[in-house]
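S.K.: Just so it is clear, I am handing over upload.txt, which has compact mmCIF, C-alpha atoms and all ligand atoms.
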```
# COMPACT_ATOMS: atom_id res chain seq x y z
CA GLU E 20 25.83 0.83 -10.92
CA THR E 21 23.09 -1.76 -10.47
CA GLU E 22 20.54 -1.87 -7.73
CA GLU E 23 19.23 -5.19 -6.45
CA ILE E 24 15.49 -5.65 -6.01
CA VAL E 25 13.77 -8.75 -4.64
CA VAL E 26 10.71 -9.67 -6.72
CA ILE E 27 7.99 -12.04 -5.52
CA PRO E 28 5.35 -12.52 -8.22
CA GLY E 29 3.34 -14.94 -6.05
CA ASP E 30 0.09 -16.41 -7.40
CA GLY E 31 -2.51 -15.64 -10.05
CA ILE E 32 -2.11 -12.31 -11.84
CA GLY E 33 0.93 -11.60 -9.64
CA GLN E 34 2.76 -13.74 -12.20
CA GLU E 35 1.64 -11.34 -14.94
CA VAL E 36 1.78 -7.89 -13.36
CA VAL E 37 5.14 -8.19 -11.59
CA PRO E 38 7.05 -8.99 -14.82
CA ALA E 39 5.19 -6.06 -16.42
CA ALA E 40 6.44 -3.72 -13.71
CA GLN E 41 9.97 -5.09 -14.14
CA LYS E 42 9.86 -4.13 -17.84
CA VAL E 43 8.96 -0.61 -16.81
CA LEU E 44 11.75 -0.51 -14.21
CA ASP E 45 14.17 -1.68 -16.90
CA ALA E 46 13.11 1.24 -19.08
CA VAL E 47 14.26 3.77 -16.47
CA GLY E 48 17.21 2.17 -14.70
CA ASN E 49 19.70 -0.58 -14.25
CA PHE E 50 18.24 -3.12 -11.87
CA GLU E 51 19.09 -6.65 -10.95
CA TYR E 52 16.31 -8.88 -9.70
CA VAL E 53 16.43 -11.68 -7.20
CA GLU E 54 13.28 -13.71 -7.71
CA ALA E 55 11.69 -15.45 -4.73
CA ASP E 56 8.62 -17.63 -4.15
CA ALA E 57 5.67 -17.12 -1.85
CA GLY E 58 2.02 -18.08 -1.87
CA ASP E 59 -0.30 -20.97 -2.68
CA ALA E 60 1.83 -22.52 -5.43
CA VAL E 61 4.99 -22.83 -3.36
CA LYS E 62 2.92 -24.07 -0.41
CA ALA E 63 1.47 -26.85 -2.57
CA GLU E 64 5.00 -27.82 -3.53
CA THR E 65 6.86 -27.46 -0.26
CA GLY E 66 4.26 -27.09 2.50
CA GLU E 67 5.40 -23.52 3.24
CA ALA E 68 3.58 -20.45 1.91
CA LEU E 69 6.54 -18.30 2.90
CA PRO E 70 9.85 -20.18 2.57
CA GLN E 71 12.51 -19.06 5.05
CA GLU E 72 14.76 -18.22 2.12
CA THR E 73 12.21 -15.71 0.83
CA TYR E 74 11.76 -14.17 4.27
CA ASP E 75 15.52 -13.78 4.66
CA LEU E 76 15.92 -12.16 1.25
CA VAL E 77 13.19 -9.61 2.02
CA ALA E 78 14.61 -8.95 5.50
CA GLU E 79 17.95 -8.02 3.93
CA ALA E 80 16.95 -6.26 0.70
CA ASP E 81 16.52 -2.51 0.43
CA ALA E 82 13.37 -3.04 -1.61
CA THR E 83 10.98 -5.83 -2.54
CA LEU E 84 8.23 -5.83 -5.15
CA PHE E 85 5.45 -8.28 -4.30
CA GLY E 86 2.54 -9.30 -6.55
CA ALA E 87 -0.12 -11.18 -4.62
CA ALA E 88 -0.78 -14.47 -2.86
CA GLY E 89 -4.04 -16.42 -2.96
CA GLU E 90 -5.57 -18.27 0.00
CA THR E 91 -2.27 -17.93 1.84
CA ALA E 92 -2.19 -14.12 1.56
CA ALA E 93 -2.26 -13.51 5.33
CA ASP E 94 0.46 -16.13 5.92
CA VAL E 95 2.65 -14.34 3.39
CA ILE E 96 2.00 -10.65 3.73
CA LEU E 97 1.89 -10.29 7.51
CA PRO E 98 5.32 -11.90 8.06
CA LEU E 99 6.75 -10.00 5.08
CA ARG E 100 5.64 -6.71 6.67
CA THR E 101 7.45 -7.86 9.80
CA ALA E 102 10.52 -8.75 7.74
CA VAL E 103 10.85 -5.12 6.66
CA ASP E 104 9.86 -3.87 10.15
CA SER E 105 7.17 -1.90 8.41
CA PHE E 106 5.65 0.71 10.67
CA VAL E 107 3.70 2.53 7.97
CA ASN E 108 1.55 1.50 5.05
CA VAL E 109 1.41 4.28 2.47
CA ARG E 110 -1.71 4.05 0.34
CA PRO E 111 -2.43 6.70 -2.25
CA ALA E 112 -5.96 6.84 -3.67
CA LYS E 113 -5.97 9.02 -6.74
CA ALA E 114 -8.50 9.20 -9.55
CA TYR E 115 -6.99 9.54 -13.02
CA PRO E 116 -8.33 11.36 -16.07
CA GLY E 117 -9.74 8.82 -18.51
CA VAL E 118 -10.83 6.43 -15.77
CA ASP E 119 -14.46 6.24 -14.78
CA ALA E 120 -14.43 7.07 -11.07
CA LEU E 121 -17.25 7.67 -8.61
CA ARG E 122 -15.34 10.73 -7.38
CA PRO E 123 -12.95 11.87 -10.12
CA GLU E 124 -11.64 14.68 -7.90
CA THR E 125 -10.19 12.21 -5.35
CA ASP E 126 -6.49 12.60 -4.60
CA LEU E 127 -5.45 11.60 -1.13
CA VAL E 128 -2.94 9.43 0.67
CA PHE E 129 -3.46 7.28 3.74
CA LEU E 130 -0.60 6.75 6.15
CA ARG E 131 -1.74 3.71 8.07
CA GLU E 132 -0.15 2.40 11.25
CA ASN E 133 1.03 -1.04 10.22
CA THR E 134 2.02 -2.97 13.34
CA GLU E 135 -0.57 -2.81 16.08
CA GLY E 136 -4.15 -1.76 16.88
CA VAL E 137 -6.62 -4.62 16.46
CA TYR E 138 -4.26 -6.53 14.14
CA SER E 139 -1.69 -7.36 16.78
CA GLY E 140 -2.93 -10.94 17.14
CA HIS E 141 -4.14 -10.88 20.74
CA GLU E 142 -7.46 -12.59 20.18
CA ASP E 143 -8.92 -15.22 22.49
CA ARG E 144 -11.84 -17.61 22.62
CA LEU E 145 -12.73 -17.55 26.30
CA SER E 146 -15.85 -19.72 26.24
CA ASP E 147 -18.51 -21.09 23.90
CA ASP E 148 -20.12 -17.69 24.08
CA LEU E 149 -17.28 -15.23 24.43
CA SER E 150 -14.29 -14.12 22.39
CA THR E 151 -12.15 -11.06 23.07
CA LEU E 152 -9.56 -8.99 21.26
CA THR E 153 -6.95 -6.80 22.85
CA ARG E 154 -6.24 -3.57 21.02
CA VAL E 155 -2.62 -2.56 21.35
CA VAL E 156 -1.50 1.05 20.96
CA THR E 157 1.94 2.27 21.94
CA THR E 158 3.21 5.83 22.12
CA SER E 159 6.41 4.75 20.37
CA ALA E 160 4.67 3.29 17.29
CA SER E 161 2.32 6.27 17.11
CA GLU E 162 5.24 8.70 17.31
CA ARG E 163 7.21 6.83 14.68
CA LEU E 164 4.24 7.07 12.32
CA ALA E 165 3.79 10.77 13.14
CA GLU E 166 7.45 11.54 12.45
CA PHE E 167 7.14 9.82 9.09
CA ALA E 168 3.94 11.81 8.41
CA CYS E 169 5.59 15.16 9.22
CA ASP E 170 8.37 14.33 6.82
CA TYR E 171 5.93 13.08 4.18
CA VAL E 172 4.00 16.37 4.16
CA ASP E 173 7.18 18.46 4.22
CA ASN E 174 6.17 19.88 7.57
CA THR E 175 2.91 21.38 6.29
CA SER E 176 -0.28 19.70 7.55
CA PHE E 177 -2.16 16.42 7.75
CA GLN E 178 -5.42 14.99 9.00
CA ILE E 179 -5.84 12.34 11.70
CA ALA E 180 -8.78 9.92 11.52
CA HIS E 181 -9.53 8.22 14.84
CA LYS E 182 -12.25 7.41 17.31
CA ALA E 183 -10.72 8.76 20.49
CA ASN E 184 -14.09 9.94 21.75
CA VAL E 185 -15.04 6.29 22.35
CA MET E 186 -11.71 4.43 22.50
CA ARG E 187 -10.31 7.04 24.85
CA GLU E 188 -7.35 5.08 26.11
CA THR E 189 -6.10 3.52 22.85
CA ASP E 190 -7.08 6.00 20.16
CA GLY E 191 -6.60 8.73 22.75
CA ARG E 192 -2.99 7.67 23.15
CA PHE E 193 -2.59 7.46 19.38
CA ARG E 194 -4.10 10.92 18.84
CA ASP E 195 -2.10 12.56 21.64
CA ALA E 196 1.19 11.08 20.43
CA VAL E 197 0.58 12.07 16.80
CA VAL E 198 -0.55 15.60 17.69
CA SER E 199 2.40 16.20 19.98
CA VAL E 200 4.95 15.10 17.36
CA ALA E 201 3.18 17.30 14.81
CA GLU E 202 3.33 20.29 17.18
CA GLU E 203 7.03 19.76 17.79
CA ASN E 204 7.55 19.89 14.03
CA GLY E 205 5.31 22.88 13.44
CA VAL E 206 2.88 20.71 11.47
CA GLU E 207 -0.81 21.56 11.55
CA THR E 208 -3.24 18.74 12.19
CA GLU E 209 -6.95 18.38 11.78
CA GLU E 210 -8.82 15.62 13.57
CA VAL E 211 -11.73 13.72 12.04
CA LEU E 212 -13.69 10.97 13.74
CA MET E 213 -13.25 7.92 11.55
CA ASP E 214 -16.96 7.22 11.06
CA ALA E 215 -17.59 10.81 10.04
CA PHE E 216 -14.58 10.55 7.74
CA ALA E 217 -16.31 7.73 5.84
CA THR E 218 -19.25 10.00 5.05
CA LYS E 219 -17.22 13.12 4.38
CA VAL E 220 -14.78 11.45 1.99
CA CYS E 221 -17.68 10.14 -0.11
CA LEU E 222 -19.39 13.54 -0.24
CA ASP E 223 -16.26 15.60 -0.87
CA PRO E 224 -12.88 13.86 -1.03
CA THR E 225 -11.11 17.16 -1.77
CA GLN E 226 -11.37 17.99 1.96
CA PHE E 227 -8.64 15.44 2.56
CA ASP E 228 -5.06 15.26 1.58
CA VAL E 229 -2.83 13.14 3.81
CA VAL E 230 -4.71 11.09 6.40
CA VAL E 231 -2.91 9.45 9.32
CA CYS E 232 -4.84 6.49 10.78
CA PRO E 233 -4.62 3.61 13.23
CA ASN E 234 -4.34 0.19 11.60
CA LEU E 235 -7.98 -0.92 11.22
CA ALA E 236 -9.29 2.55 10.33
CA GLY E 237 -6.57 2.86 7.69
CA ASP E 238 -7.39 -0.53 6.23
CA VAL E 239 -11.12 0.11 5.92
CA LEU E 240 -11.04 3.79 4.97
CA SER E 241 -8.40 3.32 2.30
CA ASP E 242 -10.46 0.54 0.70
CA LEU E 243 -13.43 2.88 0.80
CA ALA E 244 -11.41 5.55 -0.97
CA ALA E 245 -10.27 2.91 -3.47
CA GLY E 246 -13.92 2.51 -4.40
CA LEU E 247 -14.12 6.23 -5.15
CA VAL E 248 -11.31 6.19 -7.69
CA GLY E 249 -12.48 3.38 -9.94
CA GLY E 250 -10.97 0.09 -9.25
CA LEU E 251 -8.43 -2.16 -7.71
CA GLY E 252 -6.28 -2.34 -10.82
CA LEU E 253 -4.98 1.16 -10.08
CA LEU E 254 -4.01 1.19 -6.42
CA PRO E 255 -0.41 0.86 -5.31
CA SER E 256 0.94 0.65 -1.77
CA ALA E 257 4.19 0.72 0.15
CA ASN E 258 5.02 -0.92 3.48
CA LEU E 259 7.95 1.04 4.83
CA GLY E 260 10.33 0.28 7.65
CA PRO E 261 13.29 2.24 8.94
CA GLU E 262 15.68 0.56 6.50
CA ARG E 263 13.68 -1.26 3.84
CA GLY E 264 10.44 -1.29 1.96
CA LEU E 265 7.94 -3.75 0.50
CA PHE E 266 5.88 -2.51 -2.42
CA GLU E 267 2.68 -4.18 -3.61
CA PRO E 268 -0.54 -3.51 -5.47
CA VAL E 269 -3.61 -3.37 -3.21
CA HIS E 270 -5.37 -6.03 -5.29
CA GLY E 271 -5.14 -9.80 -4.91
CA THR E 272 -4.59 -12.67 -7.34
CA ALA E 273 -7.78 -12.05 -9.39
CA PRO E 274 -8.48 -15.77 -9.98
CA ASP E 275 -11.35 -14.89 -12.35
CA ILE E 276 -8.92 -13.46 -14.93
CA ALA E 277 -5.59 -15.05 -13.98
CA GLY E 278 -3.67 -16.64 -16.83
CA GLU E 279 -5.51 -14.72 -19.53
CA GLY E 280 -2.96 -11.93 -19.90
CA ILE E 281 -5.58 -9.24 -19.39
CA ALA E 282 -4.81 -8.00 -15.87
CA ASN E 283 -4.29 -4.29 -15.44
CA PRO E 284 -0.60 -3.82 -14.60
CA SER E 285 -1.03 -0.17 -13.48
CA ALA E 286 -1.26 -0.82 -9.72
CA THR E 287 1.97 -2.80 -9.76
CA ILE E 288 3.74 -0.33 -12.05
CA LEU E 289 2.68 2.49 -9.70
CA SER E 290 3.96 0.39 -6.78
CA ALA E 291 7.26 0.14 -8.63
CA ALA E 292 7.22 3.95 -8.92
CA MET E 293 6.88 4.15 -5.12
CA LEU E 294 9.84 1.77 -4.92
CA LEU E 295 11.86 4.06 -7.19
CA ASP E 296 11.04 7.03 -4.98
CA TYR E 297 12.08 5.05 -1.93
CA LEU E 298 15.44 4.13 -3.48
CA GLY E 299 16.06 7.78 -4.34
CA TYR E 300 15.19 7.68 -8.04
CA GLU E 301 12.68 10.51 -7.74
CA ASP E 302 12.92 11.69 -11.35
CA GLU E 303 12.45 8.18 -12.70
CA ALA E 304 9.50 7.64 -10.35
CA ALA E 305 7.88 10.84 -11.62
CA ASP E 306 8.48 9.77 -15.24
CA VAL E 307 6.84 6.39 -14.60
CA ARG E 308 3.80 8.03 -13.00
CA THR E 309 3.46 10.45 -15.89
CA ALA E 310 3.70 7.59 -18.39
CA VAL E 311 1.04 5.55 -16.58
CA GLU E 312 -1.24 8.57 -16.33
CA SER E 313 -0.94 9.33 -20.01
CA VAL E 314 -1.70 5.70 -20.95
CA LEU E 315 -4.73 5.72 -18.62
CA GLU E 316 -5.93 8.86 -20.33
CA ASP E 317 -5.29 7.88 -23.96
CA GLY E 318 -5.39 4.09 -23.81
CA PRO E 319 -4.76 1.28 -24.47
CA ARG E 320 -6.86 0.12 -21.52
CA THR E 321 -7.49 -3.29 -20.01
CA ALA E 322 -10.97 -4.79 -19.60
CA ASP E 323 -11.43 -3.61 -16.00
CA LEU E 324 -11.30 -0.05 -17.39
CA GLY E 325 -13.62 -0.82 -20.27
CA GLY E 326 -10.95 -1.55 -22.89
CA ASP E 327 -9.82 -4.70 -24.65
CA ALA E 328 -6.05 -4.38 -24.40
CA SER E 329 -3.79 -7.02 -22.89
CA THR E 330 -1.42 -6.59 -19.96
CA GLU E 331 1.40 -6.56 -22.48
CA ASP E 332 -0.23 -3.87 -24.67
CA VAL E 333 -0.54 -1.56 -21.67
CA THR E 334 2.97 -2.32 -20.47
CA GLU E 335 4.46 -1.67 -23.91
CA ALA E 336 2.53 1.61 -24.12
CA VAL E 337 3.96 2.73 -20.78
CA VAL E 338 7.47 1.67 -21.78
CA SER E 339 7.24 3.46 -25.13
CA ARG E 340 6.32 6.72 -23.39
CA LEU E 341 9.46 6.37 -21.31
CA GLU E 342 11.78 5.99 -24.28
P1 LIG C 1 -8.84 -9.49 -6.04
O1 LIG C 1 -8.21 -8.17 -5.85
O2 LIG C 1 -7.94 -10.58 -6.42
O3 LIG C 1 -9.99 -9.39 -7.14
C1 LIG C 1 -11.19 -8.63 -6.97
C2 LIG C 1 -11.78 -8.26 -8.34
O4 LIG C 1 -10.97 -7.25 -8.93
C3 LIG C 1 -11.78 -9.42 -9.33
O5 LIG C 1 -12.91 -9.35 -10.13
C4 LIG C 1 -10.54 -9.19 -10.15
O6 LIG C 1 -10.62 -9.69 -11.45
C5 LIG C 1 -10.44 -7.67 -10.16
N1 LIG C 1 -9.03 -7.23 -10.23
C6 LIG C 1 -8.15 -7.19 -9.23
N2 LIG C 1 -6.95 -6.77 -9.65
C7 LIG C 1 -7.10 -6.54 -10.98
C8 LIG C 1 -6.20 -6.09 -11.99
N3 LIG C 1 -4.92 -5.80 -11.72
N4 LIG C 1 -6.68 -5.98 -13.24
C9 LIG C 1 -7.96 -6.26 -13.53
N5 LIG C 1 -8.85 -6.68 -12.62
C10 LIG C 1 -8.41 -6.82 -11.34
O7 LIG C 1 -9.58 -9.83 -4.66
P2 LIG C 1 -10.38 -11.14 -4.23
O8 LIG C 1 -11.16 -11.69 -5.37
O9 LIG C 1 -11.07 -10.74 -3.00
O10 LIG C 1 -9.26 -12.19 -3.81
C11 LIG C 1 -8.72 -13.17 -4.70
C12 LIG C 1 -7.55 -13.83 -4.01
O11 LIG C 1 -6.52 -12.87 -3.79
C13 LIG C 1 -7.89 -14.44 -2.66
O12 LIG C 1 -7.28 -15.70 -2.59
C14 LIG C 1 -7.28 -13.49 -1.65
O13 LIG C 1 -6.84 -14.15 -0.49
C15 LIG C 1 -6.11 -12.93 -2.43
N6 LIG C 1 -5.71 -11.57 -2.01
C16 LIG C 1 -4.37 -11.35 -1.83
C17 LIG C 1 -3.90 -10.11 -1.48
C18 LIG C 1 -2.44 -9.95 -1.33
O14 LIG C 1 -1.67 -10.84 -1.64
N7 LIG C 1 -1.96 -8.80 -0.87
C19 LIG C 1 -4.81 -8.96 -1.31
C20 LIG C 1 -6.20 -9.29 -1.57
C21 LIG C 1 -6.60 -10.55 -1.90
MG MG C 2 -7.47 -4.49 3.35
```
Can the structure from this file be put into structure tokens for me?
Ligand code: NAI
Ligand code: MG
M.R.:
Amino acid sequence: ETEEIVVIPGDGIGQEVVPAAQKVLDAVGNFEYVEADAGDAVKAETGEALPQETYDLVAEADATLFGAAGETAADVILPLRTAVDSFVNVRPAKAYPGVDALRPETDLVFLRENTEGVYSGHEDRLSDDLSTLTRVVTTSASERLAEFACDYVDNTSFQIAHKANVMRETDGRFRDAVVSVAEENGVETEEVLMDAFATKVCLDPTQFDVVVCPNLAGDVLSDLAAGLVGGLGLLPSANLGPERGLFEPVHGTAPDIAGEGIANPSATILSAAMLLDYLGYEDEAADVRTAVESVLEDGPRTADLGGDASTEDVTEAVVSRLE
């Protein structure tokens, strides 16, 4: 049995790290890839950063692995999230042994609302002096996220970061909807104001475990946590919808090192592990994570982690631990 996965390497190091992740996928399963274009390069050629053909493939595939796009990132990634009807962005921030991290004890996951809040596109220039933004929060999107969160924590507990003391109507609605779904499922919740969260997570990240956030808070706070664990080359993410998922490293195209074959493939390989989990290959996903962790601990390591190994060296090391 073969499983079809859409792969979109995109621009810059996307062209290097996505093939690396495919080699790792090939070491644990039987996958067929449909390759599609998106990003600056295809825009230069065709005028479209996201060709309709790519959008359609992603909108129909169970799973897509995306690398990164350059200047056109927003024109690519926002519609692709729509294509999978992604209501949650899952962003683990975990520090690994062997990697120099500001907070080596960090191990938490953000579940970020992925469709609304301040990123819903309702922004207006009303005069030379005045621009406004409408913040959109619906009970339905908040509940959908909360149901996912309850499932994700196996009905145990999670934290909610918000600012409902100030944004009473919007974050208040978000908080109330999330808490009520949690209560229905017997899940315990703890609320943290998002500004206080920023301080607390720096001082002691072990206080947090699974953090449910509105869109902007999730974006900013997860990047902050990324800083605690030692670098962009390590952070995977998943955009999940009810029927399909889009998996991507948190990093961009890294133009300063693109083409040199020295990008760290770990973030994309770990994104591929999230993809495996999503498709039901839980054992394979766990094996891939273990292999990446052991390579991070023992080396070889790429330059961003203080080593001098190539992307290929690291990829081969991961693959050889899987054999
Ligand atoms: P970036 O993530 O591409 O690079 C930031 C720094 O981290 C650079 O020094 C880079 O060399 C390093 N880095 C990132 N990933 C690495 C890896 N796997 N291995 C080793 N080093 C790594 O972010 P930046 O510089 O802000 O953006 C560059 C381009 O990427 C821009 O055109 C931006 O629009 C795009 N971008 C695209 C994203 C996406 O497609 N989802 C996300 C973020 C940025
Ligand atoms: Mg961001």
S.K.: Write out as a ChimeraX atom specification each polymer residue whose atoms come within 8 Å of segment 124-128 of chain E, counting all atoms listed in the file; drop sequence neighbours fewer than 2 positions from it.
M.R.: /E:109-114,122,130,224-225,227-230,247-248
S.K.: So that each row is one residue of chain E with an atom at most 12 Å from ligand MG 2 (chain C), can you give its shortest atom pair and the distance in Å to one decimal, using all atoms listed in the file, rows by chain and rising number, as JSON lines?
M.R.:
```
{"residue": "E:Ala92", "atom": "CA", "partner": "C:MG2", "partner_atom": "MG", "distance": 11.1}
{"residue": "E:Ala93", "atom": "CA", "partner": "C:MG2", "partner_atom": "MG", "distance": 10.6}
{"residue": "E:Ile96", "atom": "CA", "partner": "C:MG2", "partner_atom": "MG", "distance": 11.3}
{"residue": "E:Leu97", "atom": "CA", "partner": "C:MG2", "partner_atom": "MG", "distance": 11.8}
{"residue": "E:Asn108", "atom": "CA", "partner": "C:MG2", "partner_atom": "MG", "distance": 11.0}
{"residue": "E:Arg110", "atom": "CA", "partner": "C:MG2", "partner_atom": "MG", "distance": 10.7}
{"residue": "E:Arg131", "atom": "CA", "partner": "C:MG2", "partner_atom": "MG", "distance": 11.1}
{"residue": "E:Asn133", "atom": "CA", "partner": "C:MG2", "partner_atom": "MG", "distance": 11.5}
{"residue": "E:Tyr138", "atom": "CA", "partner": "C:MG2", "partner_atom": "MG", "distance": 11.4}
{"residue": "E:Asn234", "atom": "CA", "partner": "C:MG2", "partner_atom": "MG", "distance": 10.0}
{"residue": "E:Leu235", "atom": "CA", "partner": "C:MG2", "partner_atom": "MG", "distance": 8.7}
{"residue": "E:Ala236", "atom": "CA", "partner": "C:MG2", "partner_atom": "MG", "distance": 10.1}
{"residue": "E:Gly237", "atom": "CA", "partner": "C:MG2", "partner_atom": "MG", "distance": 8.6}
{"residue": "E:Asp238", "atom": "CA", "partner": "C:MG2", "partner_atom": "MG", "distance": 4.9}
{"residue": "E:Val239", "atom": "CA", "partner": "C:MG2", "partner_atom": "MG", "distance": 6.4}
{"residue": "E:Leu240", "atom": "CA", "partner": "C:MG2", "partner_atom": "MG", "distance": 9.2}
{"residue": "E:Ser241", "atom": "CA", "partner": "C:MG2", "partner_atom": "MG", "distance": 7.9}
{"residue": "E:Asp242", "atom": "CA", "partner": "C:MG2", "partner_atom": "MG", "distance": 6.4}
{"residue": "E:Leu243", "atom": "CA", "partner": "C:MG2", "partner_atom": "MG", "distance": 9.8}
{"residue": "E:Ala244", "atom": "CA", "partner": "C:MG2", "partner_atom": "MG", "distance": 11.6}
{"residue": "E:Ala245", "atom": "CA", "partner": "C:MG2", "partner_atom": "MG", "distance": 10.4}
{"residue": "E:Leu251", "atom": "CA", "partner": "C:MG2", "partner_atom": "MG", "distance": 11.3}
{"residue": "E:Leu254", "atom": "CA", "partner": "C:MG2", "partner_atom": "MG", "distance": 11.8}
{"residue": "E:Ser256", "atom": "CA", "partner": "C:MG2", "partner_atom": "MG", "distance": 11.1}
{"residue": "E:Pro268", "atom": "CA", "partner": "C:MG2", "partner_atom": "MG", "distance": 11.3}
{"residue": "E:Val269", "atom": "CA", "partner": "C:MG2", "partner_atom": "MG", "distance": 7.7}
{"residue": "E:His270", "atom": "CA", "partner": "C:MG2", "partner_atom": "MG", "distance": 9.0}
{"residue": "E:Gly271", "atom": "CA", "partner": "C:MG2", "partner_atom": "MG", "distance": 10.1}
```
S.K.: Quick one: everything within 7 Å of Val26 of chain E, counting all atoms listed in the file, minus sequence neighbours fewer than 6 positions away in the same chain. Send it as a VMD selection string.
M.R.: chain E and resid 52 to 55 83 to 85
S.K.: Can you tell me which residues surround segment 276-278 of chain E at a distance of at most 10 Å, considering all atoms listed in the file, apart from same-chain residues fewer than 3 positions away, and format the answer as a VMD selection string?
M.R.: chain E and resid 30 to 35 272 to 273 281 to 282
S.K.: Mind writing the picked residues with C-alpha atoms as a PDB file, in the coordinates of the input?
M.R.:
```pdb
ATOM      1  CA  ASP E  30       0.090 -16.410  -7.400  1.00  0.00           C
ATOM      2  CA  GLY E  31      -2.510 -15.640 -10.050  1.00  0.00           C
ATOM      3  CA  ILE E  32      -2.110 -12.310 -11.840  1.00  0.00           C
ATOM      4  CA  GLY E  33       0.930 -11.600  -9.640  1.00  0.00           C
ATOM      5  CA  GLN E  34       2.760 -13.740 -12.200  1.00  0.00           C
ATOM      6  CA  GLU E  35       1.640 -11.340 -14.940  1.00  0.00           C
ATOM      7  CA  THR E 272      -4.590 -12.670  -7.340  1.00  0.00           C
ATOM      8  CA  ALA E 273      -7.780 -12.050  -9.390  1.00  0.00           C
ATOM      9  CA  ILE E 281      -5.580  -9.240 -19.390  1.00  0.00           C
ATOM     10  CA  ALA E 282      -4.810  -8.000 -15.870  1.00  0.00           C
TER      11      ALA E 282
END
```
S.K.: Record the distance separating atom CA of Phe177 of chain E and atom CA of Gly264 of chain E, expressed in Å with one decimal.
M.R.: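 Here the two named atoms are 22.5 Å from each other.
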S.K.: Find the spatial neighbours of Glu312 of chain E, counting only C-alpha atoms, within a cut-off of 7 Å - ignore same-chain residues fewer than 4 positions away - and output them as a PyMOL selection string.
M.R.: chain E and resi 115+308+316
S.K.: Would you mind listing what lies within 10 Å of Gln41 of chain E as a PyMOL selection string, with all atoms listed in the file counted and same-chain residues fewer than 6 positions away left out?
M.R.: chain E and resi 24+26+50-52+84+287-288+291+334
S.K.: Find the distance between atom CA of Leu294 of chain E and atom CA of Ala160 of chain E and write it in Å to one decimal.
M.R.: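 Between these atoms lies a distance of 22.9 Å.
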S.K.: Counting only C-alpha atoms and all ligand atoms, figure out which residue out of E:Asp296, E:Asp148, E:Glu166, E:Asp59 gets nearest to ligand LIG 1 (chain C).
M.R.: E:Asp59
S.K.: Go ahead and compute the interatomic distance for atom CA of Glu132 of chain E and atom CA of Glu188 of chain E, in Å to one decimal.
M.R.: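 Interatomic distance, atom CA of Glu132 of chain E to atom CA of Glu188 of chain E: 16.7 Å.
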S.K.: Kindly indicate which residue among E:Leu222, E:Val156, E:Val37, E:Val337 lies nearest to ligand LIG 1 (chain C), using all atoms listed in the file for the distances.
M.R.: E:Val37
S.K.: Report as AutoDock Vina command-line options the centre and the edge lengths, in Å to one decimal, of the axis-aligned box holding every listed atom of segment 60-64 of chain E, padded by 3 Å on each side.
M.R.:
```
--center_x 3.2 --center_y -25.2 --center_z -2.9 --size_x 9.5 --size_y 11.3 --size_z 11.0
```
